[in-house]
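Student: What follows is start.cif, mmCIF, C-alpha atoms.
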data_target
loop_
_atom_site.label_atom_id
_atom_site.label_comp_id
_atom_site.auth_asym_id
_atom_site.auth_seq_id
_atom_site.Cartn_x
_atom_site.Cartn_y
_atom_site.Cartn_z
CA MET S 1 -26.30 -24.57 -9.88
CA ASP S 2 -26.30 -25.74 -6.27
CA LEU S 3 -22.85 -25.09 -4.84
CA ASN S 4 -23.39 -27.53 -2.01
CA GLY S 5 -25.05 -30.27 -4.05
CA PRO S 6 -23.58 -33.50 -5.42
CA GLY S 7 -21.64 -33.62 -8.65
CA PRO S 8 -18.05 -33.43 -9.85
CA GLN S 9 -16.02 -30.62 -8.38
CA ARG S 10 -14.40 -28.26 -10.89
CA GLY S 11 -12.35 -25.19 -10.27
CA HIS S 12 -12.79 -21.95 -12.17
CA VAL S 13 -10.39 -19.11 -13.03
CA LEU S 14 -11.82 -15.85 -14.38
CA LEU S 15 -9.29 -13.28 -15.61
CA ILE S 16 -10.64 -9.83 -16.51
CA ALA S 17 -8.69 -6.97 -18.08
CA GLY S 18 -10.42 -3.61 -17.93
CA ASP S 19 -9.47 -0.21 -19.27
CA VAL S 20 -5.89 1.01 -19.51
CA ALA S 21 -4.93 3.54 -16.86
CA VAL S 22 -3.33 6.53 -18.60
CA ARG S 23 -2.02 9.73 -17.06
CA ARG S 24 -0.72 12.53 -19.28
CA ARG S 25 -0.33 10.12 -22.19
CA ALA S 26 1.80 7.77 -20.09
CA VAL S 27 0.51 4.25 -19.46
CA GLN S 28 0.15 3.65 -15.73
CA LEU S 29 -1.32 0.17 -15.91
CA ALA S 30 -1.61 -2.18 -18.89
CA PRO S 31 -4.29 -4.75 -17.96
CA SER S 32 -3.91 -6.73 -21.22
CA ALA S 33 -0.23 -7.35 -20.49
CA ASN S 34 -1.09 -8.44 -16.97
CA LEU S 35 -3.76 -10.80 -18.27
CA ALA S 36 -1.47 -12.33 -20.89
CA ALA S 37 1.27 -12.97 -18.34
CA LEU S 38 -1.10 -14.48 -15.79
CA ALA S 39 -2.77 -16.68 -18.41
CA MET S 40 0.60 -18.35 -19.04
CA VAL S 41 0.61 -19.75 -15.50
CA PRO S 42 -1.08 -23.17 -15.29
CA ALA S 43 -4.57 -22.94 -13.82
CA SER S 44 -3.72 -25.54 -11.19
CA VAL S 45 -0.88 -23.33 -9.92
CA LEU S 46 -3.01 -20.19 -9.94
CA LEU S 47 -5.79 -21.94 -8.06
CA GLY S 48 -3.61 -24.06 -5.82
CA SER S 49 -5.66 -27.13 -6.70
CA GLU S 50 -5.16 -30.16 -8.91
CA MET S 51 -8.83 -30.60 -9.73
CA PRO S 52 -10.06 -29.95 -13.29
CA THR S 53 -10.34 -26.20 -13.84
CA ASP S 54 -12.06 -23.99 -16.39
CA THR S 55 -10.30 -20.77 -17.38
CA VAL S 56 -12.03 -17.75 -18.94
CA CYS S 57 -10.23 -14.57 -20.07
CA LEU S 58 -12.04 -11.31 -20.80
CA ASP S 59 -9.88 -8.73 -22.54
CA GLY S 60 -11.15 -5.64 -24.32
CA THR S 61 -14.79 -6.18 -23.33
CA ARG S 62 -16.95 -3.06 -23.68
CA ASP S 63 -20.32 -4.33 -22.46
CA PRO S 64 -20.83 -4.35 -18.66
CA ASN S 65 -23.53 -7.01 -19.03
CA THR S 66 -21.02 -9.39 -20.64
CA VAL S 67 -18.80 -9.05 -17.58
CA LEU S 68 -21.81 -9.59 -15.32
CA ALA S 69 -22.75 -12.77 -17.15
CA ARG S 70 -19.23 -14.14 -16.78
CA LEU S 71 -19.15 -13.24 -13.09
CA ARG S 72 -22.47 -14.98 -12.57
CA SER S 73 -21.28 -18.11 -14.35
CA ALA S 74 -18.02 -18.16 -12.38
CA ALA S 75 -19.85 -17.69 -9.07
CA ALA S 76 -21.96 -20.76 -9.86
CA ALA S 77 -18.87 -23.00 -10.14
CA PRO S 78 -19.06 -25.74 -7.47
CA GLY S 79 -15.34 -25.77 -6.71
CA PRO S 80 -12.66 -23.20 -5.82
CA LEU S 81 -12.76 -19.93 -7.73
CA LEU S 82 -10.15 -17.31 -8.55
CA VAL S 83 -11.28 -13.96 -9.97
CA TYR S 84 -8.54 -11.61 -11.20
CA LEU S 85 -9.25 -8.02 -12.18
CA SER S 86 -6.74 -5.55 -13.55
CA GLY S 87 -7.50 -2.08 -14.81
CA ARG S 88 -8.75 1.34 -13.85
CA LEU S 89 -11.10 2.19 -11.02
CA THR S 90 -13.29 5.19 -11.72
CA ALA S 91 -16.35 6.75 -10.11
CA ASP S 92 -19.68 8.28 -10.93
CA ARG S 93 -19.20 11.86 -9.80
CA ARG S 94 -22.90 12.40 -9.22
CA GLY S 95 -23.71 9.20 -7.33
CA ARG S 96 -20.25 8.74 -5.74
CA ARG S 97 -20.12 5.05 -6.65
CA LEU S 98 -17.05 3.10 -7.70
CA TYR S 99 -16.87 1.44 -11.12
CA PHE S 100 -14.48 -0.93 -12.88
CA ALA S 101 -13.77 0.84 -16.16
CA LEU S 102 -13.98 -1.14 -19.41
CA ALA S 103 -12.36 -0.46 -22.78
CA GLY S 104 -15.14 1.90 -23.86
CA THR S 105 -15.72 3.70 -20.57
CA THR S 106 -15.97 7.49 -20.80
CA ALA S 107 -16.17 10.02 -17.99
CA SER S 108 -19.53 11.30 -19.19
CA ALA S 109 -21.13 7.84 -19.35
CA VAL S 110 -19.57 5.89 -16.49
CA ARG S 111 -22.89 4.46 -15.33
CA TYR S 112 -23.55 2.90 -18.74
CA THR S 113 -20.07 1.88 -19.91
CA ALA S 114 -18.40 0.56 -16.73
CA VAL S 115 -19.10 -2.24 -14.24
CA PRO S 116 -20.50 -1.10 -10.86
CA TRP S 117 -18.09 -2.37 -8.23
CA GLU S 118 -20.89 -3.80 -6.10
CA TRP S 119 -21.76 -6.24 -8.89
CA LEU S 120 -18.64 -8.24 -7.99
CA GLY S 121 -19.63 -8.69 -4.35
CA GLY S 122 -23.25 -9.24 -5.28
CA GLU S 123 -22.43 -12.23 -7.46
CA LEU S 124 -19.96 -13.76 -4.98
CA ARG S 125 -21.99 -13.33 -1.78
CA ARG S 126 -23.76 -16.70 -2.05
CA ARG S 127 -20.59 -18.74 -2.37
CA PRO S 128 -19.44 -20.79 0.65
CA ALA S 129 -16.64 -19.23 2.68
CA GLY S 130 -13.15 -20.47 1.87
CA LEU S 131 -13.74 -21.27 -1.81
CA THR S 132 -13.29 -17.83 -3.38
CA THR S 133 -10.16 -15.74 -3.95
CA VAL S 134 -10.23 -12.30 -5.57
CA LEU S 135 -6.93 -10.91 -6.87
CA LEU S 136 -6.78 -7.21 -7.76
CA ASP S 137 -4.16 -5.14 -9.57
CA LEU S 138 -5.79 -1.75 -10.06
CA ALA S 139 -5.06 1.94 -10.53
CA ALA S 140 -7.56 4.54 -9.34
CA ASP S 141 -8.21 7.68 -11.35
CA ARG S 142 -8.79 11.16 -9.93
CA ASP S 143 -12.51 10.53 -9.49
CA ALA S 144 -12.15 7.20 -7.65
CA TRP S 145 -9.16 7.92 -5.42
CA PRO S 146 -10.92 10.29 -2.97
CA LEU S 147 -13.62 7.65 -2.37
CA LEU S 148 -10.98 5.03 -1.61
CA GLN S 149 -9.23 7.38 0.78
CA GLU S 150 -12.47 7.99 2.63
CA SER S 151 -13.31 4.30 3.02
CA GLY S 152 -9.74 3.05 3.47
CA SER S 153 -10.68 -0.22 1.78
CA LEU S 154 -12.30 -1.78 -1.27
CA PRO S 155 -15.03 -4.21 -0.14
CA VAL S 156 -15.85 -7.25 -2.23
CA SER S 157 -17.63 -10.06 -0.36
CA PRO S 158 -17.36 -11.26 3.26
CA GLY S 159 -16.87 -14.85 2.10
CA ALA S 160 -14.04 -14.07 -0.32
CA GLN S 161 -10.34 -13.79 0.38
CA VAL S 162 -9.24 -10.55 -1.29
CA TYR S 163 -5.62 -9.72 -2.12
CA GLY S 164 -4.29 -6.89 -4.22
CA VAL S 165 -3.19 -3.31 -4.61
CA VAL S 166 -4.76 -0.08 -5.82
CA CYS S 167 -2.26 2.56 -6.93
CA PRO S 168 -3.09 6.27 -6.72
CA PRO S 169 -3.40 8.54 -9.77
CA GLY S 170 -0.16 9.48 -11.48
CA PHE S 171 1.82 6.38 -10.58
CA ALA S 172 3.24 4.26 -13.44
CA ALA S 173 2.47 0.74 -12.21
CA GLY S 174 3.78 -0.87 -15.37
CA GLY S 175 4.20 1.53 -18.23
CA ASP S 176 4.67 1.08 -21.98
CA GLY S 177 2.53 -2.06 -22.08
CA THR S 178 4.59 -3.98 -19.52
CA VAL S 179 3.35 -6.18 -16.72
CA SER S 180 2.77 -4.26 -13.51
CA GLY S 181 4.99 -4.83 -10.50
CA TYR S 182 2.41 -6.54 -8.29
CA THR S 183 1.22 -9.04 -10.90
CA ARG S 184 4.77 -9.69 -12.06
CA GLN S 185 5.94 -10.39 -8.51
CA TRP S 186 2.97 -12.68 -7.86
CA ILE S 187 3.88 -14.71 -10.95
CA ASP S 188 7.59 -14.73 -10.11
CA GLN S 189 6.91 -16.07 -6.62
CA LEU S 190 4.73 -18.85 -8.03
CA ARG S 191 7.47 -19.84 -10.47
CA ARG S 192 10.45 -19.68 -8.16
CA SER S 193 9.02 -21.44 -5.09
CA PRO S 194 9.57 -25.22 -4.93
CA VAL S 195 6.32 -25.51 -2.96
CA ARG S 196 3.43 -23.16 -3.74
CA PRO S 197 3.19 -20.54 -0.98
CA SER S 198 -0.16 -19.71 0.50
CA ASP S 199 -2.07 -16.83 -1.06
CA VAL S 200 -1.37 -14.56 1.90
CA GLN S 201 2.37 -15.31 1.62
CA LEU S 202 2.27 -14.64 -2.13
CA HIS S 203 0.50 -11.36 -1.48
CA ALA S 204 2.93 -10.22 1.20
CA LEU S 205 5.95 -11.05 -0.95
CA ALA S 206 4.44 -9.49 -4.09
CA ALA S 207 3.28 -6.30 -2.38
CA GLY S 208 6.62 -5.90 -0.64
CA ALA S 209 8.69 -6.26 -3.82
CA ALA S 210 6.40 -4.45 -6.26
CA GLY S 211 7.81 -0.97 -5.69
CA LEU S 212 4.45 0.49 -4.70
CA PRO S 213 4.17 4.26 -4.30
CA PRO S 214 3.49 5.91 -0.94
CA GLY S 215 -0.18 5.81 -0.08
CA ALA S 216 -1.04 2.83 -2.30
CA LEU S 217 -3.96 0.83 -0.94
CA VAL S 218 -2.82 -2.69 -0.06
CA LEU S 219 -5.57 -5.26 0.41
CA PRO S 220 -6.31 -6.77 2.82
CA THR S 221 -5.65 -3.89 5.16
CA ALA S 222 -4.37 -4.59 8.68
CA ARG S 223 -7.89 -3.96 10.00
CA GLU S 224 -9.38 -6.50 7.62
CA LEU S 225 -6.77 -9.09 8.52
CA GLY S 226 -7.61 -8.60 12.17
CA MET S 227 -11.23 -9.48 11.44
CA ARG S 228 -10.25 -12.87 10.01
CA THR S 229 -10.45 -15.90 12.24
CA GLY S 230 -8.93 -19.34 12.08
CA PRO S 231 -6.16 -21.33 13.73
CA VAL S 232 -2.52 -20.94 12.80
CA PRO S 233 -1.27 -24.01 10.87
CA GLN S 234 0.48 -26.39 13.25
CA GLN S 235 3.75 -26.45 11.30
CA GLN S 236 3.87 -22.63 11.14
CA GLN S 237 3.14 -22.35 14.87
CA GLN S 238 5.85 -24.89 15.74
CA GLN S 239 8.36 -22.98 13.62
CA HIS S 240 7.44 -19.72 15.31
CA ASP S 241 7.67 -21.24 18.80
CA HIS S 242 11.11 -22.63 17.98
CA HIS S 243 12.40 -19.28 16.69
CA GLN S 244 10.87 -17.41 19.62
CA GLN S 245 12.49 -19.76 22.16
CA HIS S 246 15.86 -19.43 20.39
CA ASP S 247 15.56 -15.62 20.32
CA GLN S 248 14.70 -15.46 24.01
CA GLN S 249 17.77 -17.54 24.87
CA GLN S 250 19.93 -15.17 22.83
CA GLN S 251 18.37 -12.07 24.36
CA GLN S 252 18.93 -13.33 27.89
CA GLN S 253 22.67 -13.22 27.14
CA GLN S 254 22.50 -9.52 26.18
CA SER S 255 22.61 -6.60 28.57
CA LEU S 256 23.38 -2.92 28.71
CA ARG S 257 26.27 -3.35 31.13
CA PRO S 258 29.45 -1.43 30.22
CA ALA S 259 32.54 -3.23 29.00
CA ASP S 260 35.29 -4.13 31.44
CA GLY S 261 37.30 -1.12 32.48
CA GLY S 262 34.42 1.31 33.05
CA PRO S 263 31.44 2.76 31.23
CA GLN S 264 31.69 3.46 27.53
CA GLU S 265 29.84 5.96 25.35
CA HIS S 266 27.66 3.28 23.80
CA PRO S 267 26.79 -0.33 24.66
CA THR S 268 28.06 -3.35 22.88
CA ARG S 269 26.50 -3.81 19.46
CA PRO S 270 23.40 -6.01 19.80
CA VAL S 271 23.76 -9.65 18.82
CA PRO S 272 22.17 -10.10 15.36
CA ARG S 273 18.93 -12.04 15.27
CA PRO S 274 19.66 -15.65 14.27
CA ASP S 275 18.32 -16.68 10.88
CA PRO S 276 18.74 -20.06 9.16
CA ALA S 277 20.78 -20.03 5.98
CA PRO S 278 18.61 -19.42 2.91
CA ASP S 279 18.15 -21.76 0.04
CA ALA S 280 19.63 -20.46 -3.19
CA VAL S 281 18.99 -20.80 -6.88
CA PRO S 282 21.67 -20.67 -9.61
CA GLY S 283 23.27 -17.26 -9.72
CA GLY S 284 23.03 -16.71 -5.98
CA ASP S 285 19.54 -15.22 -6.01
CA PRO S 286 17.79 -16.22 -2.76
CA ALA S 287 14.65 -18.31 -3.10
CA VAL S 288 11.68 -18.53 -0.79
CA VAL S 289 12.30 -21.42 1.58
CA SER S 290 9.95 -24.34 1.29
CA ASP S 291 8.72 -24.20 4.86
CA GLY S 292 7.07 -20.83 4.25
CA ASP S 293 9.31 -18.84 6.64
CA PRO S 294 10.20 -15.58 4.84
CA ARG S 295 12.94 -14.49 7.27
CA PRO S 296 15.86 -16.31 5.61
CA TYR S 297 14.83 -14.88 2.24
CA ILE S 298 14.61 -11.33 3.63
CA HIS S 299 17.91 -11.71 5.44
CA ALA S 300 19.56 -12.91 2.24
CA LEU S 301 18.23 -9.91 0.33
CA ALA S 302 19.70 -7.51 2.89
CA SER S 303 23.01 -9.39 3.01
CA SER S 304 23.32 -9.09 -0.78
CA GLY S 305 22.72 -5.33 -0.66
CA ARG S 306 19.07 -5.37 -1.80
CA HIS S 307 18.02 -3.35 1.23
CA GLY S 308 14.95 -1.71 -0.29
CA GLU S 309 13.39 -5.04 -1.25
CA ALA S 310 14.19 -6.53 2.16
CA ALA S 311 12.64 -3.57 3.98
CA LEU S 312 9.45 -3.67 1.89
CA LEU S 313 8.97 -7.39 2.43
CA ALA S 314 9.54 -7.08 6.18
CA ARG S 315 7.06 -4.22 6.41
CA ALA S 316 4.45 -6.26 4.54
CA TRP S 317 4.90 -9.19 6.91
CA GLU S 318 4.78 -6.92 9.95
CA GLU S 319 1.45 -5.49 8.76
CA TYR S 320 0.14 -9.01 8.31
CA VAL S 321 1.09 -10.29 11.77
CA ARG S 322 -0.10 -7.07 13.42
CA GLY S 323 -3.50 -7.62 11.90
CA VAL S 324 -3.65 -11.30 12.84
CA TYR S 325 -2.03 -11.32 16.29
CA GLY S 326 -2.22 -7.68 17.41
CA GLY S 327 0.20 -4.79 17.46
CA SER S 328 1.67 -5.67 20.86
CA SER S 329 2.00 -9.41 20.23
CA ALA S 330 5.29 -11.26 20.34
CA GLN S 331 4.97 -11.92 16.62
CA ALA S 332 4.55 -8.23 15.81
CA MET S 333 7.47 -7.28 18.08
CA GLU S 334 9.67 -9.80 16.35
CA TRP S 335 8.99 -8.23 12.95
CA ALA S 336 9.44 -4.69 14.30
CA GLU S 337 12.88 -5.68 15.55
CA ILE S 338 13.70 -7.42 12.28
CA ARG S 339 12.87 -4.17 10.48
CA ALA S 340 15.09 -2.27 12.91
CA ASP S 341 18.05 -4.53 12.23
CA LEU S 342 17.43 -4.31 8.47
CA ALA S 343 17.56 -0.52 8.73
CA ARG S 344 20.85 -0.83 10.62
CA MET S 345 22.26 -3.09 7.90
CA ALA S 346 21.22 -0.51 5.30
CA GLY S 347 22.96 2.29 7.22
CA ASP S 348 19.71 4.12 8.04
CA PHE S 349 20.52 4.63 11.71
CA VAL S 350 17.76 7.19 12.31
CA LEU S 351 15.07 4.74 11.23
CA ALA S 352 16.78 1.89 13.03
CA ALA S 353 16.93 3.82 16.29
CA ARG S 354 13.28 4.82 16.04
CA LEU S 355 12.18 1.24 15.32
CA TRP S 356 14.19 -0.09 18.26
CA MET S 357 12.69 2.58 20.52
CA GLY S 358 9.19 1.74 19.32
CA ALA S 359 9.74 -1.92 20.08
CA CYS S 360 11.11 -1.04 23.50
CA ARG S 361 8.05 1.10 24.33
CA VAL S 362 5.65 -1.68 23.38
CA ARG S 363 7.57 -4.23 25.40
CA LEU S 364 7.62 -1.89 28.40
CA ALA S 365 3.85 -1.52 28.21
CA GLY S 366 3.27 -5.29 28.14
CA PRO S 367 3.77 -8.05 30.71
CA GLY S 368 7.39 -8.53 31.73
CA GLY S 369 8.31 -5.04 30.63
CA ASP S 370 11.47 -5.12 32.72
CA GLY S 371 12.74 -8.26 31.01
CA PRO S 372 15.79 -8.76 28.78
CA GLU S 373 13.77 -8.15 25.58
CA ALA S 374 13.16 -4.50 26.48
CA LEU S 375 16.79 -4.03 27.47
CA ALA S 376 17.95 -5.59 24.19
CA ALA S 377 15.70 -3.23 22.21
CA ALA S 378 17.10 -0.27 24.14
CA ALA S 379 20.63 -1.49 23.41
CA GLY S 380 19.84 -1.50 19.70
CA ALA S 381 18.47 2.05 19.91
CA VAL S 382 21.49 3.36 21.80
CA TYR S 383 23.95 1.76 19.40
CA CYS S 384 22.22 3.20 16.32
CA TRP S 385 21.96 6.63 17.97
CA THR S 386 25.71 6.73 18.53
CA ARG S 387 26.22 6.14 14.81
CA LEU S 388 24.47 9.37 13.83
CA ALA S 389 26.70 12.15 12.54
CA GLU S 390 24.33 15.09 12.02
CA ARG S 391 23.54 17.33 14.96
CA GLU S 392 19.85 17.75 14.16
CA ALA S 393 19.29 13.99 13.97
CA VAL S 394 21.37 13.31 17.09
CA VAL S 395 19.37 15.80 19.14
CA GLU S 396 15.96 14.86 17.79
CA VAL S 397 16.45 11.12 18.28
CA GLY S 398 18.38 11.62 21.52
CA VAL S 399 15.50 13.40 23.25
CA GLU S 400 13.23 10.43 22.52
CA LEU S 401 15.91 7.97 23.53
CA VAL S 402 16.51 9.57 26.92
CA ALA S 403 12.78 9.36 27.62
CA VAL S 404 12.80 5.65 26.74
CA LEU S 405 15.86 4.93 28.89
CA ARG S 406 14.28 6.73 31.85
CA ALA S 407 11.33 4.36 31.65
CA LEU S 408 13.46 1.20 31.79
CA PRO S 409 13.25 -0.15 35.34
CA GLY S 410 16.22 -2.53 35.02
CA LEU S 411 18.62 -0.14 33.30
CA ASP S 412 22.05 0.56 34.76
CA PRO S 413 21.71 4.28 35.72
CA ARG S 414 25.14 5.04 34.32
CA TYR S 415 23.80 4.61 30.80
CA LEU S 416 21.09 7.19 31.32
CA GLU S 417 23.70 9.59 32.67
CA LEU S 418 25.95 9.01 29.67
CA ALA S 419 23.07 9.46 27.21
CA ARG S 420 22.07 12.72 28.89
CA ALA S 421 25.63 14.00 28.82
CA ARG S 422 26.07 13.13 25.15
CA LEU S 423 22.76 14.73 24.22
CA SER S 424 23.61 17.88 26.16
CA ALA S 425 26.98 18.16 24.43
CA TRP S 426 25.40 17.92 21.01
CA GLU S 427 22.65 20.38 21.91
CA GLU S 428 25.28 22.94 22.87
CA SER S 429 27.43 22.25 19.81
CA GLY S 430 26.79 24.23 16.68
CA LEU S 431 28.73 21.90 14.39
CA PRO S 432 28.37 18.21 13.58
CA ARG S 433 31.17 15.89 14.40
CA PRO S 434 32.14 12.56 12.83
CA ALA S 435 30.35 9.42 13.88
CA ARG S 436 32.19 6.88 15.95
CA THR S 437 33.70 4.13 13.79
#
Rewrite the coordinates I just gave you, this time as structure tokens.
Tutor:
Amino acid sequence: MDLNGPGPQRGHVLLIAGDVAVRRRAVQLAPSANLAALAMVPASVLLGSEMPTDTVCLDGTRDPNTVLARLRSAAAAPGPLLVYLSGRLTADRRGRRLYFALAGTTASAVRYTAVPWEWLGGELRRRPAGLTTVLLDLAADRDAWPLLQESGSLPVSPGAQVYGVVCPPGFAAGGDGTVSGYTRQWIDQLRRSPVRPSDVQLHALAAGAAGLPPGALVLPTARELGMRTGPVPQQQQQQHDHHQQHDQQQQQQQSLRPADGGPQEHPTRPVPRPDPAPDAVPGGDPAVVSDGDPRPYIHALASSGRHGEAALLARAWEEYVRGVYGGSSAQAMEWAEIRADLARMAGDFVLAARLWMGACRVRLAGPGGDGPEALAAAAGAVYCWTRLAEREAVVEVGVELVAVLRALPGLDPRYLELARARLSAWEESGLPRPART
């Protein structure tokens, strides 16, 4: 079928459940449960399109050629296409190739009982850019994980938008036949949002709230996001410009000057970053705002004590903007500072101080490094440092902080002197003392 030729446009959704991922008799990933949950979502919502859509579900398939035939048929669809795969990634130990394991895949016959991963990209490569989305919720076994660590990615097709996660061996992504965290969060975000978020927003929210283990491969990686091109939507850019202008006005009012009556041990607590009030659903659970700005939602999570979820979401968004705009961009700095303030709200003053110092270093290295933004970041770092109560943490963070303060051209020298004196006192002390309240 000619994808660019005349004829009625139809969308296509292909949902594929592969082999269960099991580790020591415990279910890590239950693809059938994922497939059943996703199949309950209307195809128009999954695809983000109101055009007529065909949906095909493959569950329990044992023949790789059956999967290939379905992939080929889906790739020939003239309209938008969503391909979802959930299951176990394995590898051919001899040929070092990745495979998508099926229900009958065995370690001794991977090449004959599983789907070669390159088949997916091979069938999708001829489709026009912008019409194909691949959604992955996978767990790698002990044979596949080293290959993923070497490559740092999981290539599909240059013309496809790929979102998903690959969990390492030994992690219980779902367990006991339940829906895995990533797929469940993707579905929850689709259901709870009054306006369907974009796929990249869905991915960032789902990956941030899924409870992924350390080292999990999140796709797209920051490097892959950086390779994408395209203008920022006008509404999103206007919102960002408005927030950035508001933040700059707030930051210009902040300084590291001591309070009236002489220098103090620590500066005034930094003014919290302004965030609009979040929308809410019955029961007080914050909902994603309709304009696509995740900051009110994240702020509401932290304010309600759900600090882990807020931190994960903010980290996911920071990775996204770093890949799109660059690590030293204003957008990336904004998210780094949001993460710092979230850590402060959670009482993790070591992490908060380090994040504030990191933001300060990047601002110092960029244009206008002596501006109020760098001073405000340093103020946040100093405040969080003074909240530390353990000697080892005070000294370790304090050494870094003094180096940062020395590099600030517009800093009142009295603050550097006070920081040095406090650090020296703690270095010479053998016992911790209570934090300032």
Student: Applied to this file, what does the PyMOL selection byres ((chain S and resi 191-208) around 9) return in terms of residues, put as a short mmCIF file (atom, residue, chain, number, x, y, z; two decimals) with C-alpha atoms, keeping the file's coordinate frame?
Tutor:
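Saved to out20.cif:
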data_model
loop_
_atom_site.label_atom_id
_atom_site.label_comp_id
_atom_site.auth_asym_id
_atom_site.auth_seq_id
_atom_site.Cartn_x
_atom_site.Cartn_y
_atom_site.Cartn_z
CA VAL S 41 0.61 -19.75 -15.50
CA VAL S 45 -0.88 -23.33 -9.92
CA GLY S 48 -3.61 -24.06 -5.82
CA THR S 133 -10.16 -15.74 -3.95
CA GLN S 161 -10.34 -13.79 0.38
CA TYR S 163 -5.62 -9.72 -2.12
CA GLY S 164 -4.29 -6.89 -4.22
CA VAL S 165 -3.19 -3.31 -4.61
CA GLY S 181 4.99 -4.83 -10.50
CA TYR S 182 2.41 -6.54 -8.29
CA THR S 183 1.22 -9.04 -10.90
CA ARG S 184 4.77 -9.69 -12.06
CA GLN S 185 5.94 -10.39 -8.51
CA TRP S 186 2.97 -12.68 -7.86
CA ILE S 187 3.88 -14.71 -10.95
CA ASP S 188 7.59 -14.73 -10.11
CA GLN S 189 6.91 -16.07 -6.62
CA LEU S 190 4.73 -18.85 -8.03
CA ALA S 209 8.69 -6.26 -3.82
CA ALA S 210 6.40 -4.45 -6.26
CA GLY S 211 7.81 -0.97 -5.69
CA LEU S 212 4.45 0.49 -4.70
CA VAL S 218 -2.82 -2.69 -0.06
CA LEU S 219 -5.57 -5.26 0.41
CA VAL S 281 18.99 -20.80 -6.88
CA ALA S 287 14.65 -18.31 -3.10
CA VAL S 288 11.68 -18.53 -0.79
CA VAL S 289 12.30 -21.42 1.58
CA SER S 290 9.95 -24.34 1.29
CA ASP S 291 8.72 -24.20 4.86
CA GLY S 292 7.07 -20.83 4.25
CA PRO S 294 10.20 -15.58 4.84
CA GLU S 309 13.39 -5.04 -1.25
CA ALA S 310 14.19 -6.53 2.16
CA ALA S 311 12.64 -3.57 3.98
CA LEU S 312 9.45 -3.67 1.89
CA LEU S 313 8.97 -7.39 2.43
CA ALA S 314 9.54 -7.08 6.18
CA ARG S 315 7.06 -4.22 6.41
CA ALA S 316 4.45 -6.26 4.54
CA TRP S 317 4.90 -9.19 6.91
CA TYR S 320 0.14 -9.01 8.31
#
Student: So, counting all atoms listed in the file, which residue among S:Ala101, S:Ala114, S:Ala216, S:Ala374 is closest to Trp145 in chain S?
Tutor: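 Checking each candidate against Trp145 in chain S, we get S:Ala216 as the closest.
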Student: Could you write out as a list in words the residues that the PyMOL selection byres ((chain S and resi 92) around 10) matches in the shown file?
Tutor: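 In the shown coordinates, the PyMOL selection byres ((chain S and resi 92) around 10) covers Thr90, Ala91, Arg93, Arg94, Gly95, Arg96, Arg97, Leu98, Tyr99, Ala107, Ser108, Ala109, Val110, Arg111, Ala114, Pro116, Asp143 and Ala144 of chain S.
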Student: When you count all atoms listed in the file, which of these residues is closest to Ala21 in chain S: S:Trp385, S:Phe171, S:Trp426, S:Tyr112?
Tutor: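 Of S:Trp385, S:Phe171, S:Trp426, S:Tyr112, the one nearest Ala21 in chain S, counting all atoms listed in the file, is S:Phe171.
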Student: Neighbouring residues of Met345 in chain S were defined as those with any atom within 10 Å, considering only C-alpha atoms; residues of the same chain fewer than 6 positions away were excluded. Please report them as an MDAnalysis selection string.
Tutor: chainID S and resid 299 302:303 305 307 339 352
Student: Looking at only C-alpha atoms, which of S:Ser328, S:Thr55, S:Arg354, S:Cys384 is the one that sits closest to Gly366 in chain S?
Tutor: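 Checking each candidate against Gly366 in chain S, we get S:Ser328 as the closest.
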Student: I'd like to see the residues matched by the PyMOL selection byres ((chain S and resi 397) around 8) on this file, and ideally I'd get them as a list of chain:residue names.
Tutor: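 After applying the PyMOL selection byres ((chain S and resi 397) around 8), what remains is S:Val350, S:Ala353, S:Arg354, S:Trp385, S:Ala393, S:Val394, S:Val395, S:Glu396, S:Gly398, S:Val399, S:Glu400, S:Leu401.
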Student: Can you write out the residues you just picked, keeping C-alpha atoms, as a PDB file, in the frame of the given file?
Tutor:
ATOM      1  CA  VAL S 350      17.760   7.190  12.310  1.00  0.00           C
ATOM      2  CA  ALA S 353      16.930   3.820  16.290  1.00  0.00           C
ATOM      3  CA  ARG S 354      13.280   4.820  16.040  1.00  0.00           C
ATOM      4  CA  TRP S 385      21.960   6.630  17.970  1.00  0.00           C
ATOM      5  CA  ALA S 393      19.290  13.990  13.970  1.00  0.00           C
ATOM      6  CA  VAL S 394      21.370  13.310  17.090  1.00  0.00           C
ATOM      7  CA  VAL S 395      19.370  15.800  19.140  1.00  0.00           C
ATOM      8  CA  GLU S 396      15.960  14.860  17.790  1.00  0.00           C
ATOM      9  CA  GLY S 398      18.380  11.620  21.520  1.00  0.00           C
ATOM     10  CA  VAL S 399      15.500  13.400  23.250  1.00  0.00           C
ATOM     11  CA  GLU S 400      13.230  10.430  22.520  1.00  0.00           C
ATOM     12  CA  LEU S 401      15.910   7.970  23.530  1.00  0.00           C
TER      13      LEU S 401
END
Student: Quick one: residues within 9 Å of Ala74 in chain S, only C-alpha atoms, excluding same-chain residues fewer than 3 positions away - as a list in words?
Tutor: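 The filter keeps His12, Val13, Leu14, Val56, Ala69, Arg70, Leu71, Ala77, Leu81, Leu82, Val83, Glu123 and Leu124 of chain S.
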Student: For the selection you just gave me, I'd like the residues written to a file as a compact mmCIF listing (two decimals), in the coordinates of the input, keeping C-alpha atoms.
Tutor:
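Full text of again.txt as output:
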# COMPACT_ATOMS: atom_id res chain seq x y z
CA HIS S 12 -12.79 -21.95 -12.17
CA VAL S 13 -10.39 -19.11 -13.03
CA LEU S 14 -11.82 -15.85 -14.38
CA VAL S 56 -12.03 -17.75 -18.94
CA ALA S 69 -22.75 -12.77 -17.15
CA ARG S 70 -19.23 -14.14 -16.78
CA LEU S 71 -19.15 -13.24 -13.09
CA ALA S 77 -18.87 -23.00 -10.14
CA LEU S 81 -12.76 -19.93 -7.73
CA LEU S 82 -10.15 -17.31 -8.55
CA VAL S 83 -11.28 -13.96 -9.97
CA GLU S 123 -22.43 -12.23 -7.46
CA LEU S 124 -19.96 -13.76 -4.98
